[in-house]
Amino acid sequence: VLAGSVWTLTHPSFWEWGSLILSLLTVTLVQMGRRLHPLFPGVLIAVGIGIAYSHWWSYSGPILGEVPTGFPHLHWSFPWASLPALLIGSGVIAILGFAEPASIARTYATQDRIPWDANQEFVGQGVANLAAAFVGGFPVGGSFSRSAANRLAGAKTRWSGAITGGVVLFFLPFAAVLHDLPRAVLGAIVIATVMNLVRPRQLLGLLKYSRPQAAIGLLTFLLTLALAPRIEIAVIIGVALAVAHHLRREQKLVFDHWTDAGGLHFKPQGVLWFGSAYTVEAEFAELLVKHPEVTDVKLHLGGLGRIDLSAAIMFKQLMEDAKTAGMKVELFDVPPMAKSWVDRVWQEDLET
């Protein structure tokens with residue numbers, strides 16, 4: 001798709017000027033209409049102009065074509081034999097179907113200062129997809145373009161969804177009038193409604209805070225362009241890279257240690273989980289080798305943001321090994337969120 005777009009931009013002799021003019025006019029109507037008044041029907045006017053131009057003038061570009069006007073029929077037959085082949089694809093669709101509306105819902109909820117519940121989002125999408133399954137519909141999910149167009153029209157409450165659904169049902173018997181609608185108009189409507197959601201400045205602004213995170217975001221963006229329409233592959237790659245970077249970062253721990261009359265003080269800092277527990281064990285063993293005179297060891301855990309079960313078991317083993325070697329081991333400043341794990345592993349009261 002990206003290569004095709006570059007080829008198209010560099011070969012203006014193949015351009016369909018009627019489509020180009022309709023696209024520019026549509027974007028202008030939608031963008032300028034919003035500035036005139038939130039209720040200005042820019043999209044509706046653009047659709048009307050596009051249909052009229054395609055029907056009465058010699059428009060040679062692609063059009064929408066036949067639109068089914070009948071109501072869907074309920075059916076209970078499902079191709080159960082195809083279920084194994086659909087599991088991976090359905091999982092990707094479910095993740096993307098939730099991620100996209102969740103992103104825009106959080107954005108608009110923040111702008112309007114209203115609460116947003118992820119559980120309600122899951123329930124709504126789940127019920128909608130179950131209903132779609134019984135009428136042979138496409139997977140249901142939110143859309144940046146549709147949500148942006150809805151908000152562009154001034155929608156603020158759930159009544160917008162109810163009214164939109166009612167209008168669609170009313171219009172369904174007359175959907176054949178959309179036969180001559182140029183696809184260029186549809187594409188321009190999508191572009192015009194999502195333009196305000198594309199924020200390259202914010203993406204590049206990530207460089208100020210984290211170059212790896214900015215690189216992952218930019219790479220994901222480029223992959224969505226290069227792999228379109230299979231953007232789910234780009235999203236999966238981006239999520240995988242983000243998770244890998246997060247795990248690599250959480251493997252890094254900072255160690256402080258000092259000695260005084262009370263013995264050896266050892267203070268790891270970071271997130272302690274099974275992926276980073278081995279580094280604590282290795283660092284602790286190295287300190288004992290460097291300080292053979294130590295008989296008392298004090299482990300300060302206040303710098304750890306989290307301790308999982310594997311790390312708690314590792315600490316227990318360290319304490320047992322140290323006690324076997326004739327050393328006294330004490331724990332200090334166990335994080336509140338990890339104290340239950342630690343208490344269960346050691347089954348004794350800890351000094352905090």
# chains A, B, ... in the order shown; residues from 1 in each chain; ligands from 1
>>> closest_atom_pairs(of="region 111-195 of chain A", to="region 72-96 of chain A", cutoff="12 Å", atoms="only C-alpha atoms", output="Markdown table")
| residue | atom | partner | partner_atom | distance |
| --- | --- | --- | --- | --- |
| A:Phe122 | CA | A:Ala94 | CA | 9.9 |
| A:Gln125 | CA | A:Ala94 | CA | 9.2 |
| A:Gly126 | CA | A:Ala94 | CA | 9.2 |
| A:Asn129 | CA | A:Ala94 | CA | 9.6 |
| A:Leu130 | CA | A:Trp76 | CA | 11.7 |
| A:Ala131 | CA | A:Leu74 | CA | 9.4 |
| A:Ala132 | CA | A:Leu74 | CA | 9.5 |
| A:Ala133 | CA | A:His75 | CA | 8.9 |
| A:Phe134 | CA | A:Leu74 | CA | 5.5 |
| A:Val135 | CA | A:Leu74 | CA | 5.0 |
| A:Gly136 | CA | A:Pro72 | CA | 7.8 |
| A:Gly137 | CA | A:Pro72 | CA | 8.6 |
| A:Phe138 | CA | A:Ile93 | CA | 10.7 |
| A:Pro139 | CA | A:Ile93 | CA | 7.7 |
| A:Val140 | CA | A:Ala94 | CA | 9.2 |
| A:Gly141 | CA | A:Ala94 | CA | 8.5 |
| A:Gly142 | CA | A:Leu96 | CA | 9.7 |
| A:Ser143 | CA | A:Leu96 | CA | 10.4 |
| A:Leu169 | CA | A:Pro72 | CA | 11.3 |
| A:Leu172 | CA | A:Pro72 | CA | 11.0 |
>>> write_last_selection(atoms="N, CA, C and O atoms", output="CSV table (one decimal), in the first residue's frame")
chain,number,residue,atom,x,y,z
A,122,PHE,N,-16.1,-3.3,27.6
A,122,PHE,CA,-16.1,-4.7,27.2
A,122,PHE,C,-17.5,-5.3,27.1
A,122,PHE,O,-17.8,-6.0,26.1
A,125,GLN,N,-19.3,-4.0,23.8
A,125,GLN,CA,-18.7,-4.6,22.6
A,125,GLN,C,-19.0,-6.1,22.5
A,125,GLN,O,-19.3,-6.6,21.5
A,126,GLY,N,-19.0,-6.7,23.7
A,126,GLY,CA,-19.3,-8.2,23.7
A,126,GLY,C,-20.7,-8.4,23.3
A,126,GLY,O,-21.0,-9.3,22.4
A,129,ASN,N,-21.2,-7.7,19.5
A,129,ASN,CA,-20.6,-8.8,18.7
A,129,ASN,C,-21.4,-10.1,18.7
A,129,ASN,O,-21.5,-10.8,17.7
A,130,LEU,N,-22.0,-10.4,19.9
A,130,LEU,CA,-22.9,-11.6,19.9
A,130,LEU,C,-24.1,-11.4,19.0
A,130,LEU,O,-24.5,-12.3,18.3
A,131,ALA,N,-24.6,-10.2,19.1
A,131,ALA,CA,-25.8,-9.9,18.3
A,131,ALA,C,-25.4,-9.9,16.8
A,131,ALA,O,-26.2,-10.5,16.0
A,132,ALA,N,-24.3,-9.4,16.4
A,132,ALA,CA,-23.9,-9.4,15.0
A,132,ALA,C,-23.6,-10.8,14.5
A,132,ALA,O,-23.9,-11.1,13.3
A,133,ALA,N,-23.2,-11.7,15.4
A,133,ALA,CA,-23.0,-13.1,15.0
A,133,ALA,C,-24.2,-13.8,14.5
A,133,ALA,O,-24.2,-14.6,13.6
A,134,PHE,N,-25.4,-13.4,15.0
A,134,PHE,CA,-26.6,-14.1,14.7
A,134,PHE,C,-27.3,-13.5,13.4
A,134,PHE,O,-28.3,-14.0,12.9
A,135,VAL,N,-26.7,-12.5,12.9
A,135,VAL,CA,-27.3,-11.9,11.6
A,135,VAL,C,-26.2,-11.8,10.5
A,135,VAL,O,-26.4,-11.2,9.5
A,136,GLY,N,-25.0,-12.5,10.8
A,136,GLY,CA,-24.0,-12.5,9.8
A,136,GLY,C,-23.3,-11.2,9.6
A,136,GLY,O,-22.8,-10.9,8.5
A,137,GLY,N,-23.3,-10.4,10.6
A,137,GLY,CA,-22.6,-9.0,10.5
A,137,GLY,C,-21.1,-9.1,10.7
A,137,GLY,O,-20.6,-10.1,11.1
A,138,PHE,N,-20.5,-8.0,10.4
A,138,PHE,CA,-19.0,-7.9,10.6
A,138,PHE,C,-18.8,-7.7,12.1
A,138,PHE,O,-19.7,-7.4,12.9
A,139,PRO,N,-17.5,-8.0,12.6
A,139,PRO,CA,-17.2,-7.7,14.0
A,139,PRO,C,-17.5,-6.3,14.3
A,139,PRO,O,-17.2,-5.4,13.6
A,140,VAL,N,-18.0,-6.1,15.5
A,140,VAL,CA,-18.5,-4.7,15.9
A,140,VAL,C,-17.4,-4.1,16.8
A,140,VAL,O,-16.8,-4.8,17.7
A,141,GLY,N,-17.1,-2.9,16.6
A,141,GLY,CA,-16.1,-2.2,17.4
A,141,GLY,C,-16.2,-0.7,17.1
A,141,GLY,O,-16.8,-0.2,16.1
A,142,GLY,N,-15.6,0.1,18.0
A,142,GLY,CA,-15.6,1.5,17.8
A,142,GLY,C,-14.6,1.9,16.7
A,142,GLY,O,-13.8,1.1,16.2
A,143,SER,N,-14.7,3.1,16.2
A,143,SER,CA,-13.9,3.6,15.1
A,143,SER,C,-13.5,5.1,15.4
A,143,SER,O,-14.3,5.9,15.8
A,169,LEU,N,-31.9,2.6,10.6
A,169,LEU,CA,-33.0,1.7,10.3
A,169,LEU,C,-34.1,2.4,9.4
A,169,LEU,O,-34.6,1.7,8.5
A,172,LEU,N,-32.6,2.6,5.8
A,172,LEU,CA,-32.2,1.3,5.2
A,172,LEU,C,-33.0,1.0,3.9
A,172,LEU,O,-32.4,0.6,2.9
>>> residues_around(residues="region 16-24 of chain A", least_positions_apart="5", cutoff="8 Å", atoms="only C-alpha atoms", output="VMD selection string")
chain A and resid 50 59 to 61 182 184 to 185 187 to 188
>>> write_last_selection(atoms="N, CA and C atoms", output="PDB file, in the first residue's frame")
ATOM      1  N   GLY A  50     -21.526  14.736  -3.882  1.00  0.00           N
ATOM      2  CA  GLY A  50     -20.852  13.622  -4.546  1.00  0.00           C
ATOM      3  C   GLY A  50     -21.812  12.770  -5.352  1.00  0.00           C
ATOM      4  N   TYR A  59     -18.671  11.293 -14.356  1.00  0.00           N
ATOM      5  CA  TYR A  59     -17.666  10.916 -13.364  1.00  0.00           C
ATOM      6  C   TYR A  59     -17.205   9.491 -13.648  1.00  0.00           C
ATOM      7  N   SER A  60     -15.908   9.312 -13.816  1.00  0.00           N
ATOM      8  CA  SER A  60     -15.370   8.000 -14.203  1.00  0.00           C
ATOM      9  C   SER A  60     -14.641   7.289 -13.062  1.00  0.00           C
ATOM     10  N   GLY A  61     -14.643   7.880 -11.873  1.00  0.00           N
ATOM     11  CA  GLY A  61     -13.965   7.243 -10.751  1.00  0.00           C
ATOM     12  C   GLY A  61     -14.816   6.141 -10.132  1.00  0.00           C
ATOM     13  N   PRO A 182     -19.416   8.563  -4.908  1.00  0.00           N
ATOM     14  CA  PRO A 182     -17.988   8.309  -5.207  1.00  0.00           C
ATOM     15  C   PRO A 182     -17.235   7.846  -3.947  1.00  0.00           C
ATOM     16  N   ALA A 184     -14.269   8.367  -3.430  1.00  0.00           N
ATOM     17  CA  ALA A 184     -13.367   9.456  -3.052  1.00  0.00           C
ATOM     18  C   ALA A 184     -13.987  10.307  -1.951  1.00  0.00           C
ATOM     19  N   VAL A 185     -15.301  10.475  -1.994  1.00  0.00           N
ATOM     20  CA  VAL A 185     -15.981  11.248  -0.957  1.00  0.00           C
ATOM     21  C   VAL A 185     -15.921  10.514   0.373  1.00  0.00           C
ATOM     22  N   GLY A 187     -13.652   8.349   1.343  1.00  0.00           N
ATOM     23  CA  GLY A 187     -12.280   8.431   1.844  1.00  0.00           C
ATOM     24  C   GLY A 187     -11.958   9.791   2.417  1.00  0.00           C
ATOM     25  N   ALA A 188     -12.443  10.833   1.767  1.00  0.00           N
ATOM     26  CA  ALA A 188     -12.177  12.187   2.247  1.00  0.00           C
ATOM     27  C   ALA A 188     -12.888  12.462   3.564  1.00  0.00           C
TER      28      ALA A 188
END
>>> residues_around(residues="region 204-221 of chain A", least_positions_apart="3", cutoff="10 Å", atoms="only C-alpha atoms", output="ChimeraX atom specification")
/A:199-201,224-226,231,233-242,245-246
>>> closest_residue(among="A:Phe332, A:Trp159, A:Tyr53, A:Trp273", to="Arg306 (chain A)", atoms="only C-alpha atoms")
A:Trp273
>>> residues_around(residues="Ser310 (chain A)", least_positions_apart="2", cutoff="12 Å", atoms="only C-alpha atoms", output="count of residues only")
20
>>> atom_distance(atom1="CA of Val254 (chain A)", atom2="CA of Lys267 (chain A)")
8.4 Å
>>> atom_distance(atom1="CA of His265 (chain A)", atom2="CA of Glu330 (chain A)")
9.7 Å
>>> select_by_dssp(residues="region 100-242 of chain A", states="helix (DSSP H, G or I)", output="VMD selection string")
chain A and resid 100 to 112 118 to 133 144 to 152 159 to 180 183 to 197 200 to 208 211 to 227 231 to 242
>>> select_by_dssp(residues="region 110-343 of chain A", states="strand (DSSP E or B)", output="PyMOL selection string")
chain A and resi 182+254-260+263-272+296-300+304-307+328-332
>>> closest_residue(among="A:Ala228, A:Val123, A:Val47, A:Val271", to="Leu247 (chain A)", atoms="only C-alpha atoms")
A:Val271
>>> atom_distance(atom1="CA of Gln111 (chain A)", atom2="CA of Leu44 (chain A)")
26.2 Å
